[in-house]
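Contents: one structure, followed by commentary.
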Amino acid sequence: MKKNWIIQAVMAFALSLGMPIFASPVNAPFNGVETVEQDKGFYVEITATNFKARWDPNSASTEIDCPFNKGDRLKVSDQRNGWYEVDYGQEYVWIPSQYTKRSTKQTPDWVTVSSANDGGVRLRLGPGGKDSGRRAYFEDSFKYLGEQGNWYKVSHEGKVYWISKDVSYAE
C-alpha cells in the first residue's frame, strides 16, 4: 500500500510540472513494457573469409562451422549487440555484424529448378564441387541462402547444397 502512495505522489508531481510520464505513440496500447521495433528483414553481405557463427549473440557462445563465404548475401531476422541472426538451413545462427556490410540488392527467397533431364539436376556440396548424391527435378524449389559465381547456395531438409544458375532461377 505504501508503494502505491509513493508512485501516485511522484506521478502527480511530474504531471504538475508538465512532464510526460510515459512516452508512447497516440492510440498505442501500453502494457507497462517499452518496446523498440528493431530494424529487421534487411540483407547483409559477408565481407570476411574466415569467421565463426554462434548459437547465441555473444562470443562466449558455442562456435559453429557455417558454410558462409565472402560475398554471400543473408537475410537478417534479428539483431542484438553487434550480432545478426540469420537463417542457417532450418535453424537460426548469429554472426558478428563486423564481418558484414548492408546489402543494397534485394535477395530472393527461393531458387527453383528451371530445367532438368529425367535423372534430375545434381545438388552439389560446394559451388561446382562434389556431387552430394541428391537430385532436384523440374520446378523443385529450395530456400535461397546466397550465391557465389554461377551457383546458388540453397537449403534442403536442414542441409546446405549448391545448384547451378544454368538450370535454376531465383525469385
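For the C-alpha cells, the naming scheme is as follows: chains receive sequential letters (A, B, ...) according to their order of presentation, residues are indexed from 1 within each chain, and ligands are indexed from 1 in presentation order.
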
What are the nearest atom pairs, with distances in Å to one decimal, for all residues of stretch 61-160 of chain A that come at most 7 Å from stretch 42-50 of chain A, using only C-alpha atoms, set out by chain and rising residue number as JSON lines?
```
{"residue": "A:Asn69", "atom": "CA", "partner": "A:Thr49", "partner_atom": "CA", "distance": 6.2}
{"residue": "A:Lys70", "atom": "CA", "partner": "A:Ile46", "partner_atom": "CA", "distance": 4.9}
{"residue": "A:Gly71", "atom": "CA", "partner": "A:Ile46", "partner_atom": "CA", "distance": 5.2}
{"residue": "A:Asp72", "atom": "CA", "partner": "A:Ile46", "partner_atom": "CA", "distance": 5.5}
{"residue": "A:Arg73", "atom": "CA", "partner": "A:Glu45", "partner_atom": "CA", "distance": 4.4}
{"residue": "A:Leu74", "atom": "CA", "partner": "A:Tyr43", "partner_atom": "CA", "distance": 5.4}
{"residue": "A:Lys75", "atom": "CA", "partner": "A:Tyr43", "partner_atom": "CA", "distance": 4.4}
{"residue": "A:Val76", "atom": "CA", "partner": "A:Phe42", "partner_atom": "CA", "distance": 5.6}
{"residue": "A:Tyr99", "atom": "CA", "partner": "A:Thr47", "partner_atom": "CA", "distance": 5.3}
{"residue": "A:Thr100", "atom": "CA", "partner": "A:Ile46", "partner_atom": "CA", "distance": 4.5}
{"residue": "A:Lys101", "atom": "CA", "partner": "A:Glu45", "partner_atom": "CA", "distance": 5.3}
{"residue": "A:Arg102", "atom": "CA", "partner": "A:Val44", "partner_atom": "CA", "distance": 4.3}
{"residue": "A:Ser103", "atom": "CA", "partner": "A:Val44", "partner_atom": "CA", "distance": 4.7}
```

Original post:
How far is it from atom CA of A:Ser132 to atom CA of A:Tyr161, in Å with one decimal?
Top reply: 7.7 Å

Might you pull out every residue within 8 Å of stretch 143-154 of chain A, with only C-alpha atoms counted and same-chain residues fewer than 2 positions away left off, and present them as a PDB file with all heavy atoms, in the first residue's frame?
```
ATOM      1  N   GLY A  71      31.031 -12.714 -49.715  1.00  0.00           N
ATOM      2  CA  GLY A  71      30.150 -12.407 -50.837  1.00  0.00           C
ATOM      3  C   GLY A  71      28.747 -12.966 -50.699  1.00  0.00           C
ATOM      4  O   GLY A  71      27.841 -12.545 -51.412  1.00  0.00           O
ATOM      5  N   ASP A  72      28.530 -13.927 -49.795  1.00  0.00           N
ATOM      6  CA  ASP A  72      27.185 -14.460 -49.586  1.00  0.00           C
ATOM      7  C   ASP A  72      26.281 -13.357 -49.052  1.00  0.00           C
ATOM      8  O   ASP A  72      26.698 -12.533 -48.233  1.00  0.00           O
ATOM      9  CB  ASP A  72      27.201 -15.603 -48.566  1.00  0.00           C
ATOM     10  CG  ASP A  72      27.762 -16.896 -49.118  1.00  0.00           C
ATOM     11  OD1 ASP A  72      28.008 -16.969 -50.328  1.00  0.00           O
ATOM     12  OD2 ASP A  72      27.958 -17.824 -48.315  1.00  0.00           O
ATOM     13  N   ARG A  73      25.028 -13.353 -49.506  1.00  0.00           N
ATOM     14  CA  ARG A  73      24.032 -12.409 -49.007  1.00  0.00           C
ATOM     15  C   ARG A  73      23.044 -13.177 -48.143  1.00  0.00           C
ATOM     16  O   ARG A  73      22.524 -14.205 -48.548  1.00  0.00           O
ATOM     17  CB  ARG A  73      23.334 -11.704 -50.161  1.00  0.00           C
ATOM     18  CG  ARG A  73      24.201 -10.631 -50.782  1.00  0.00           C
ATOM     19  CD  ARG A  73      23.463  -9.827 -51.817  1.00  0.00           C
ATOM     20  NE  ARG A  73      22.931 -10.598 -52.920  1.00  0.00           N
ATOM     21  CZ  ARG A  73      23.637 -10.987 -53.975  1.00  0.00           C
ATOM     22  NH1 ARG A  73      24.901 -10.689 -54.053  1.00  0.00           N
ATOM     23  NH2 ARG A  73      23.086 -11.687 -54.935  1.00  0.00           N
ATOM     24  N   LEU A  74      22.780 -12.646 -46.953  1.00  0.00           N
ATOM     25  CA  LEU A  74      21.920 -13.324 -45.991  1.00  0.00           C
ATOM     26  C   LEU A  74      20.868 -12.355 -45.470  1.00  0.00           C
ATOM     27  O   LEU A  74      21.141 -11.172 -45.287  1.00  0.00           O
ATOM     28  CB  LEU A  74      22.751 -13.830 -44.807  1.00  0.00           C
ATOM     29  CG  LEU A  74      23.955 -14.702 -45.143  1.00  0.00           C
ATOM     30  CD1 LEU A  74      24.824 -14.887 -43.920  1.00  0.00           C
ATOM     31  CD2 LEU A  74      23.490 -16.040 -45.678  1.00  0.00           C
ATOM     32  N   ASP A  87      19.315 -17.044 -41.149  1.00  0.00           N
ATOM     33  CA  ASP A  87      18.807 -18.386 -41.417  1.00  0.00           C
ATOM     34  C   ASP A  87      19.956 -19.309 -41.803  1.00  0.00           C
ATOM     35  O   ASP A  87      20.778 -18.983 -42.645  1.00  0.00           O
ATOM     36  CB  ASP A  87      17.789 -18.304 -42.552  1.00  0.00           C
ATOM     37  CG  ASP A  87      17.043 -19.606 -42.772  1.00  0.00           C
ATOM     38  OD1 ASP A  87      17.265 -20.574 -42.021  1.00  0.00           O
ATOM     39  OD2 ASP A  87      16.226 -19.648 -43.701  1.00  0.00           O
ATOM     40  N   TYR A  88      20.018 -20.468 -41.162  1.00  0.00           N
ATOM     41  CA  TYR A  88      21.034 -21.482 -41.451  1.00  0.00           C
ATOM     42  C   TYR A  88      20.309 -22.810 -41.608  1.00  0.00           C
ATOM     43  O   TYR A  88      20.145 -23.564 -40.661  1.00  0.00           O
ATOM     44  CB  TYR A  88      22.055 -21.526 -40.318  1.00  0.00           C
ATOM     45  CG  TYR A  88      23.106 -22.597 -40.438  1.00  0.00           C
ATOM     46  CD1 TYR A  88      23.916 -22.678 -41.554  1.00  0.00           C
ATOM     47  CD2 TYR A  88      23.299 -23.521 -39.419  1.00  0.00           C
ATOM     48  CE1 TYR A  88      24.885 -23.653 -41.661  1.00  0.00           C
ATOM     49  CE2 TYR A  88      24.277 -24.494 -39.513  1.00  0.00           C
ATOM     50  CZ  TYR A  88      25.060 -24.556 -40.631  1.00  0.00           C
ATOM     51  OH  TYR A  88      26.034 -25.524 -40.735  1.00  0.00           O
ATOM     52  N   GLY A  89      19.816 -23.065 -42.822  1.00  0.00           N
ATOM     53  CA  GLY A  89      19.023 -24.273 -43.039  1.00  0.00           C
ATOM     54  C   GLY A  89      17.699 -24.137 -42.335  1.00  0.00           C
ATOM     55  O   GLY A  89      16.950 -23.208 -42.579  1.00  0.00           O
ATOM     56  N   PRO A 108      16.568 -12.860 -53.197  1.00  0.00           N
ATOM     57  CA  PRO A 108      15.386 -13.719 -53.362  1.00  0.00           C
ATOM     58  C   PRO A 108      15.190 -14.655 -52.172  1.00  0.00           C
ATOM     59  O   PRO A 108      16.088 -14.845 -51.355  1.00  0.00           O
ATOM     60  CB  PRO A 108      15.710 -14.513 -54.625  1.00  0.00           C
ATOM     61  CG  PRO A 108      17.185 -14.483 -54.736  1.00  0.00           C
ATOM     62  CD  PRO A 108      17.651 -13.203 -54.103  1.00  0.00           C
ATOM     63  N   ASP A 109      14.002 -15.227 -52.089  1.00  0.00           N
ATOM     64  CA  ASP A 109      13.692 -16.189 -51.035  1.00  0.00           C
ATOM     65  C   ASP A 109      13.854 -17.633 -51.494  1.00  0.00           C
ATOM     66  O   ASP A 109      14.155 -18.500 -50.693  1.00  0.00           O
ATOM     67  CB  ASP A 109      12.255 -15.997 -50.550  1.00  0.00           C
ATOM     68  CG  ASP A 109      12.073 -14.690 -49.801  1.00  0.00           C
ATOM     69  OD1 ASP A 109      12.994 -14.295 -49.063  1.00  0.00           O
ATOM     70  OD2 ASP A 109      11.016 -14.067 -49.960  1.00  0.00           O
ATOM     71  N   TRP A 110      13.639 -17.884 -52.785  1.00  0.00           N
ATOM     72  CA  TRP A 110      13.618 -19.253 -53.291  1.00  0.00           C
ATOM     73  C   TRP A 110      14.441 -19.401 -54.560  1.00  0.00           C
ATOM     74  O   TRP A 110      14.559 -18.469 -55.342  1.00  0.00           O
ATOM     75  CB  TRP A 110      12.187 -19.698 -53.601  1.00  0.00           C
ATOM     76  CG  TRP A 110      11.321 -19.672 -52.383  1.00  0.00           C
ATOM     77  CD1 TRP A 110      10.458 -18.691 -52.008  1.00  0.00           C
ATOM     78  CD2 TRP A 110      11.275 -20.661 -51.363  1.00  0.00           C
ATOM     79  NE1 TRP A 110       9.867 -19.008 -50.814  1.00  0.00           N
ATOM     80  CE2 TRP A 110      10.350 -20.214 -50.398  1.00  0.00           C
ATOM     81  CE3 TRP A 110      11.910 -21.874 -51.166  1.00  0.00           C
ATOM     82  CZ2 TRP A 110      10.051 -20.947 -49.249  1.00  0.00           C
ATOM     83  CZ3 TRP A 110      11.615 -22.611 -50.033  1.00  0.00           C
ATOM     84  CH2 TRP A 110      10.689 -22.137 -49.091  1.00  0.00           C
ATOM     85  N   VAL A 111      14.954 -20.605 -54.777  1.00  0.00           N
ATOM     86  CA  VAL A 111      15.607 -20.989 -56.026  1.00  0.00           C
ATOM     87  C   VAL A 111      14.793 -22.156 -56.580  1.00  0.00           C
ATOM     88  O   VAL A 111      14.530 -23.126 -55.867  1.00  0.00           O
ATOM     89  CB  VAL A 111      17.079 -21.404 -55.805  1.00  0.00           C
ATOM     90  CG1 VAL A 111      17.677 -21.974 -57.070  1.00  0.00           C
ATOM     91  CG2 VAL A 111      17.886 -20.224 -55.292  1.00  0.00           C
ATOM     92  N   PRO A 127      30.173 -24.818 -54.462  1.00  0.00           N
ATOM     93  CA  PRO A 127      29.963 -24.254 -55.798  1.00  0.00           C
ATOM     94  C   PRO A 127      30.846 -24.958 -56.822  1.00  0.00           C
ATOM     95  O   PRO A 127      32.060 -24.833 -56.800  1.00  0.00           O
ATOM     96  CB  PRO A 127      30.330 -22.784 -55.638  1.00  0.00           C
ATOM     97  CG  PRO A 127      31.130 -22.708 -54.381  1.00  0.00           C
ATOM     98  CD  PRO A 127      30.735 -23.866 -53.538  1.00  0.00           C
ATOM     99  N   GLY A 128      30.220 -25.771 -57.693  1.00  0.00           N
ATOM    100  CA  GLY A 128      30.970 -26.554 -58.676  1.00  0.00           C
ATOM    101  C   GLY A 128      31.653 -27.749 -58.067  1.00  0.00           C
ATOM    102  O   GLY A 128      32.447 -28.426 -58.714  1.00  0.00           O
ATOM    103  N   SER A 141      11.682 -26.383 -55.559  1.00  0.00           N
ATOM    104  CA  SER A 141      12.141 -25.106 -55.006  1.00  0.00           C
ATOM    105  C   SER A 141      12.885 -25.327 -53.705  1.00  0.00           C
ATOM    106  O   SER A 141      12.554 -26.230 -52.933  1.00  0.00           O
ATOM    107  CB  SER A 141      10.955 -24.168 -54.756  1.00  0.00           C
ATOM    108  OG  SER A 141      10.401 -23.747 -55.973  1.00  0.00           O
ATOM    109  N   HIS A 156      18.017 -27.517 -48.057  1.00  0.00           N
ATOM    110  CA  HIS A 156      17.053 -28.585 -48.304  1.00  0.00           C
ATOM    111  C   HIS A 156      17.132 -29.568 -47.148  1.00  0.00           C
ATOM    112  O   HIS A 156      18.188 -30.134 -46.869  1.00  0.00           O
ATOM    113  CB  HIS A 156      17.356 -29.289 -49.626  1.00  0.00           C
ATOM    114  CG  HIS A 156      16.416 -30.415 -49.946  1.00  0.00           C
ATOM    115  ND1 HIS A 156      15.071 -30.219 -50.148  1.00  0.00           N
ATOM    116  CD2 HIS A 156      16.639 -31.739 -50.081  1.00  0.00           C
ATOM    117  CE1 HIS A 156      14.499 -31.393 -50.398  1.00  0.00           C
ATOM    118  NE2 HIS A 156      15.426 -32.320 -50.357  1.00  0.00           N
ATOM    119  N   VAL A 160      22.815 -27.866 -46.441  1.00  0.00           N
ATOM    120  CA  VAL A 160      23.175 -26.840 -47.404  1.00  0.00           C
ATOM    121  C   VAL A 160      23.737 -27.481 -48.667  1.00  0.00           C
ATOM    122  O   VAL A 160      24.586 -28.376 -48.589  1.00  0.00           O
ATOM    123  CB  VAL A 160      24.208 -25.864 -46.797  1.00  0.00           C
ATOM    124  CG1 VAL A 160      24.671 -24.853 -47.822  1.00  0.00           C
ATOM    125  CG2 VAL A 160      23.609 -25.169 -45.586  1.00  0.00           C
ATOM    126  N   TYR A 161      23.212 -27.039 -49.811  1.00  0.00           N
ATOM    127  CA  TYR A 161      23.666 -27.533 -51.113  1.00  0.00           C
ATOM    128  C   TYR A 161      23.896 -26.349 -52.049  1.00  0.00           C
ATOM    129  O   TYR A 161      23.524 -25.213 -51.748  1.00  0.00           O
ATOM    130  CB  TYR A 161      22.618 -28.459 -51.735  1.00  0.00           C
ATOM    131  CG  TYR A 161      22.313 -29.679 -50.922  1.00  0.00           C
ATOM    132  CD1 TYR A 161      21.153 -29.766 -50.167  1.00  0.00           C
ATOM    133  CD2 TYR A 161      23.190 -30.760 -50.904  1.00  0.00           C
ATOM    134  CE1 TYR A 161      20.875 -30.897 -49.417  1.00  0.00           C
ATOM    135  CE2 TYR A 161      22.911 -31.893 -50.157  1.00  0.00           C
ATOM    136  CZ  TYR A 161      21.753 -31.954 -49.415  1.00  0.00           C
ATOM    137  OH  TYR A 161      21.483 -33.072 -48.678  1.00  0.00           O
ATOM    138  N   TRP A 162      24.448 -26.656 -53.216  1.00  0.00           N
ATOM    139  CA  TRP A 162      24.675 -25.666 -54.263  1.00  0.00           C
ATOM    140  C   TRP A 162      24.047 -26.181 -55.543  1.00  0.00           C
ATOM    141  O   TRP A 162      24.100 -27.376 -55.827  1.00  0.00           O
ATOM    142  CB  TRP A 162      26.167 -25.437 -54.471  1.00  0.00           C
ATOM    143  CG  TRP A 162      26.820 -24.790 -53.280  1.00  0.00           C
ATOM    144  CD1 TRP A 162      27.259 -25.417 -52.148  1.00  0.00           C
ATOM    145  CD2 TRP A 162      27.097 -23.411 -53.103  1.00  0.00           C
ATOM    146  NE1 TRP A 162      27.784 -24.509 -51.277  1.00  0.00           N
ATOM    147  CE2 TRP A 162      27.706 -23.262 -51.843  1.00  0.00           C
ATOM    148  CE3 TRP A 162      26.893 -22.277 -53.898  1.00  0.00           C
ATOM    149  CZ2 TRP A 162      28.118 -22.025 -51.359  1.00  0.00           C
ATOM    150  CZ3 TRP A 162      27.306 -21.055 -53.408  1.00  0.00           C
ATOM    151  CH2 TRP A 162      27.909 -20.934 -52.144  1.00  0.00           C
ATOM    152  N   ILE A 163      23.422 -25.250 -56.293  1.00  0.00           N
ATOM    153  CA  ILE A 163      22.793 -25.615 -57.555  1.00  0.00           C
ATOM    154  C   ILE A 163      23.203 -24.583 -58.610  1.00  0.00           C
ATOM    155  O   ILE A 163      23.258 -23.385 -58.332  1.00  0.00           O
ATOM    156  CB  ILE A 163      21.256 -25.715 -57.406  1.00  0.00           C
ATOM    157  CG1 ILE A 163      20.613 -26.258 -58.664  1.00  0.00           C
ATOM    158  CG2 ILE A 163      20.651 -24.404 -56.988  1.00  0.00           C
ATOM    159  CD1 ILE A 163      19.160 -26.670 -58.490  1.00  0.00           C
ATOM    160  N   SER A 164      23.489 -25.054 -59.809  1.00  0.00           N
ATOM    161  CA  SER A 164      23.947 -24.173 -60.875  1.00  0.00           C
ATOM    162  C   SER A 164      22.866 -23.196 -61.329  1.00  0.00           C
ATOM    163  O   SER A 164      21.695 -23.550 -61.439  1.00  0.00           O
ATOM    164  CB  SER A 164      24.390 -25.023 -62.083  1.00  0.00           C
ATOM    165  OG  SER A 164      24.671 -24.195 -63.180  1.00  0.00           O
ATOM    166  N   LYS A 165      23.283 -21.964 -61.636  1.00  0.00           N
ATOM    167  CA  LYS A 165      22.357 -20.965 -62.170  1.00  0.00           C
ATOM    168  C   LYS A 165      21.923 -21.321 -63.584  1.00  0.00           C
ATOM    169  O   LYS A 165      20.918 -20.815 -64.065  1.00  0.00           O
ATOM    170  CB  LYS A 165      23.003 -19.582 -62.158  1.00  0.00           C
ATOM    171  CG  LYS A 165      23.204 -19.014 -60.764  1.00  0.00           C
ATOM    172  CD  LYS A 165      23.836 -17.643 -60.832  1.00  0.00           C
ATOM    173  CE  LYS A 165      24.030 -17.063 -59.461  1.00  0.00           C
ATOM    174  NZ  LYS A 165      24.664 -15.719 -59.512  1.00  0.00           N
ATOM    175  N   ASP A 166      22.680 -22.209 -64.249  1.00  0.00           N
ATOM    176  CA  ASP A 166      22.339 -22.612 -65.606  1.00  0.00           C
ATOM    177  C   ASP A 166      21.042 -23.427 -65.659  1.00  0.00           C
ATOM    178  O   ASP A 166      20.414 -23.522 -66.711  1.00  0.00           O
ATOM    179  CB  ASP A 166      23.455 -23.438 -66.220  1.00  0.00           C
ATOM    180  CG  ASP A 166      24.744 -22.640 -66.426  1.00  0.00           C
ATOM    181  OD1 ASP A 166      24.646 -21.386 -66.531  1.00  0.00           O
ATOM    182  OD2 ASP A 166      25.811 -23.247 -66.472  1.00  0.00           O
ATOM    183  N   ALA A 170      16.273 -17.673 -59.423  1.00  0.00           N
ATOM    184  CA  ALA A 170      15.932 -17.206 -58.079  1.00  0.00           C
ATOM    185  C   ALA A 170      14.738 -16.264 -58.153  1.00  0.00           C
ATOM    186  O   ALA A 170      14.597 -15.494 -59.103  1.00  0.00           O
ATOM    187  CB  ALA A 170      17.130 -16.488 -57.474  1.00  0.00           C
TER     188      ALA A 170
END
```

**OP:** Would you work out the distance separating atom CA of A:Phe138 from atom CA of A:Gly119, expressed in Å to one decimal?
**Re:** 10.5 Å

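Taking atom CA of A:Lys52 and atom CA of A:Glu171 as endpoints, the distance between them is 28.6 Å.
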
Name all residues at most 10 Å from A:Ser59 (count only C-alpha atoms; drop same-chain ones fewer than 5 positions away) and give them as a PDB file with all heavy atoms, in the first residue's frame.
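Output contents, as saved in selection34.pdb:
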```pdb
ATOM      1  N   LYS A  52      33.486 -17.391 -37.336  1.00  0.00           N
ATOM      2  CA  LYS A  52      32.608 -18.414 -36.774  1.00  0.00           C
ATOM      3  C   LYS A  52      31.246 -17.822 -36.461  1.00  0.00           C
ATOM      4  O   LYS A  52      31.145 -16.724 -35.929  1.00  0.00           O
ATOM      5  CB  LYS A  52      33.195 -18.980 -35.474  1.00  0.00           C
ATOM      6  CG  LYS A  52      34.554 -19.624 -35.634  1.00  0.00           C
ATOM      7  CD  LYS A  52      34.453 -20.938 -36.330  1.00  0.00           C
ATOM      8  CE  LYS A  52      35.824 -21.611 -36.334  1.00  0.00           C
ATOM      9  NZ  LYS A  52      35.905 -22.710 -37.218  1.00  0.00           N
ATOM     10  N   ALA A  53      30.217 -18.540 -36.801  1.00  0.00           N
ATOM     11  CA  ALA A  53      28.867 -18.187 -36.370  1.00  0.00           C
ATOM     12  C   ALA A  53      28.682 -18.806 -34.986  1.00  0.00           C
ATOM     13  O   ALA A  53      29.470 -19.647 -34.559  1.00  0.00           O
ATOM     14  CB  ALA A  53      27.847 -18.737 -37.351  1.00  0.00           C
ATOM     15  N   ARG A  54      27.658 -18.373 -34.294  1.00  0.00           N
ATOM     16  CA  ARG A  54      27.418 -18.863 -32.930  1.00  0.00           C
ATOM     17  C   ARG A  54      25.923 -19.117 -32.736  1.00  0.00           C
ATOM     18  O   ARG A  54      25.085 -18.577 -33.439  1.00  0.00           O
ATOM     19  CB  ARG A  54      27.903 -17.845 -31.924  1.00  0.00           C
ATOM     20  CG  ARG A  54      29.346 -17.445 -32.221  1.00  0.00           C
ATOM     21  CD  ARG A  54      30.119 -17.265 -31.000  1.00  0.00           C
ATOM     22  NE  ARG A  54      31.489 -16.890 -31.326  1.00  0.00           N
ATOM     23  CZ  ARG A  54      32.540 -17.471 -30.823  1.00  0.00           C
ATOM     24  NH1 ARG A  54      32.388 -18.470 -29.989  1.00  0.00           N
ATOM     25  NH2 ARG A  54      33.751 -17.082 -31.126  1.00  0.00           N
ATOM     26  N   TRP A  83      25.411  -8.295 -33.248  1.00  0.00           N
ATOM     27  CA  TRP A  83      25.257  -9.625 -33.845  1.00  0.00           C
ATOM     28  C   TRP A  83      23.991  -9.638 -34.693  1.00  0.00           C
ATOM     29  O   TRP A  83      22.986  -9.031 -34.341  1.00  0.00           O
ATOM     30  CB  TRP A  83      25.142 -10.699 -32.764  1.00  0.00           C
ATOM     31  CG  TRP A  83      26.392 -10.889 -31.983  1.00  0.00           C
ATOM     32  CD1 TRP A  83      26.827 -10.132 -30.929  1.00  0.00           C
ATOM     33  CD2 TRP A  83      27.388 -11.888 -32.181  1.00  0.00           C
ATOM     34  NE1 TRP A  83      28.022 -10.610 -30.469  1.00  0.00           N
ATOM     35  CE2 TRP A  83      28.388 -11.690 -31.217  1.00  0.00           C
ATOM     36  CE3 TRP A  83      27.522 -12.934 -33.086  1.00  0.00           C
ATOM     37  CZ2 TRP A  83      29.508 -12.495 -31.135  1.00  0.00           C
ATOM     38  CZ3 TRP A  83      28.639 -13.746 -32.995  1.00  0.00           C
ATOM     39  CH2 TRP A  83      29.626 -13.525 -32.030  1.00  0.00           C
ATOM     40  N   TRP A  94      23.810 -16.863 -35.179  1.00  0.00           N
ATOM     41  CA  TRP A  94      24.211 -15.469 -35.018  1.00  0.00           C
ATOM     42  C   TRP A  94      25.596 -15.267 -35.626  1.00  0.00           C
ATOM     43  O   TRP A  94      26.493 -16.074 -35.402  1.00  0.00           O
ATOM     44  CB  TRP A  94      24.226 -15.094 -33.543  1.00  0.00           C
ATOM     45  CG  TRP A  94      22.853 -15.102 -32.946  1.00  0.00           C
ATOM     46  CD1 TRP A  94      22.196 -16.167 -32.399  1.00  0.00           C
ATOM     47  CD2 TRP A  94      21.965 -13.992 -32.849  1.00  0.00           C
ATOM     48  NE1 TRP A  94      20.944 -15.792 -31.973  1.00  0.00           N
ATOM     49  CE2 TRP A  94      20.783 -14.458 -32.226  1.00  0.00           C
ATOM     50  CE3 TRP A  94      22.053 -12.651 -33.217  1.00  0.00           C
ATOM     51  CZ2 TRP A  94      19.707 -13.617 -31.976  1.00  0.00           C
ATOM     52  CZ3 TRP A  94      20.972 -11.826 -32.958  1.00  0.00           C
ATOM     53  CH2 TRP A  94      19.809 -12.309 -32.342  1.00  0.00           C
ATOM     54  N   ILE A  95      25.735 -14.186 -36.388  1.00  0.00           N
ATOM     55  CA  ILE A  95      27.030 -13.841 -36.968  1.00  0.00           C
ATOM     56  C   ILE A  95      27.410 -12.444 -36.500  1.00  0.00           C
ATOM     57  O   ILE A  95      26.539 -11.590 -36.303  1.00  0.00           O
ATOM     58  CB  ILE A  95      27.022 -13.916 -38.513  1.00  0.00           C
ATOM     59  CG1 ILE A  95      25.990 -12.956 -39.104  1.00  0.00           C
ATOM     60  CG2 ILE A  95      26.775 -15.341 -38.989  1.00  0.00           C
ATOM     61  CD1 ILE A  95      26.036 -12.845 -40.618  1.00  0.00           C
ATOM     62  N   PRO A  96      28.712 -12.192 -36.298  1.00  0.00           N
ATOM     63  CA  PRO A  96      29.127 -10.855 -35.869  1.00  0.00           C
ATOM     64  C   PRO A  96      28.931  -9.845 -37.004  1.00  0.00           C
ATOM     65  O   PRO A  96      29.358 -10.081 -38.131  1.00  0.00           O
ATOM     66  CB  PRO A  96      30.605 -11.018 -35.518  1.00  0.00           C
ATOM     67  CG  PRO A  96      30.990 -12.395 -35.914  1.00  0.00           C
ATOM     68  CD  PRO A  96      29.800 -13.133 -36.390  1.00  0.00           C
TER      69      PRO A  96
END
```

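Distances to A:Ser168 were evaluated for A:Thr112, A:Gln106, A:Gln98, A:Thr62 using only C-alpha atoms, and the minimum falls at A:Thr112.
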
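For A:Gly133, the non-local neighbours within 10 Å, defined as residues at least 5 positions apart in the same chain or in other chains and counting only C-alpha atoms, are A:Arg122, A:Leu123, A:Arg124, A:Leu125.
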
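Distances to A:Tyr92 were evaluated for A:Tyr137, A:Phe142, A:Phe68, A:Trp55 using only C-alpha atoms, and the minimum falls at A:Trp55.
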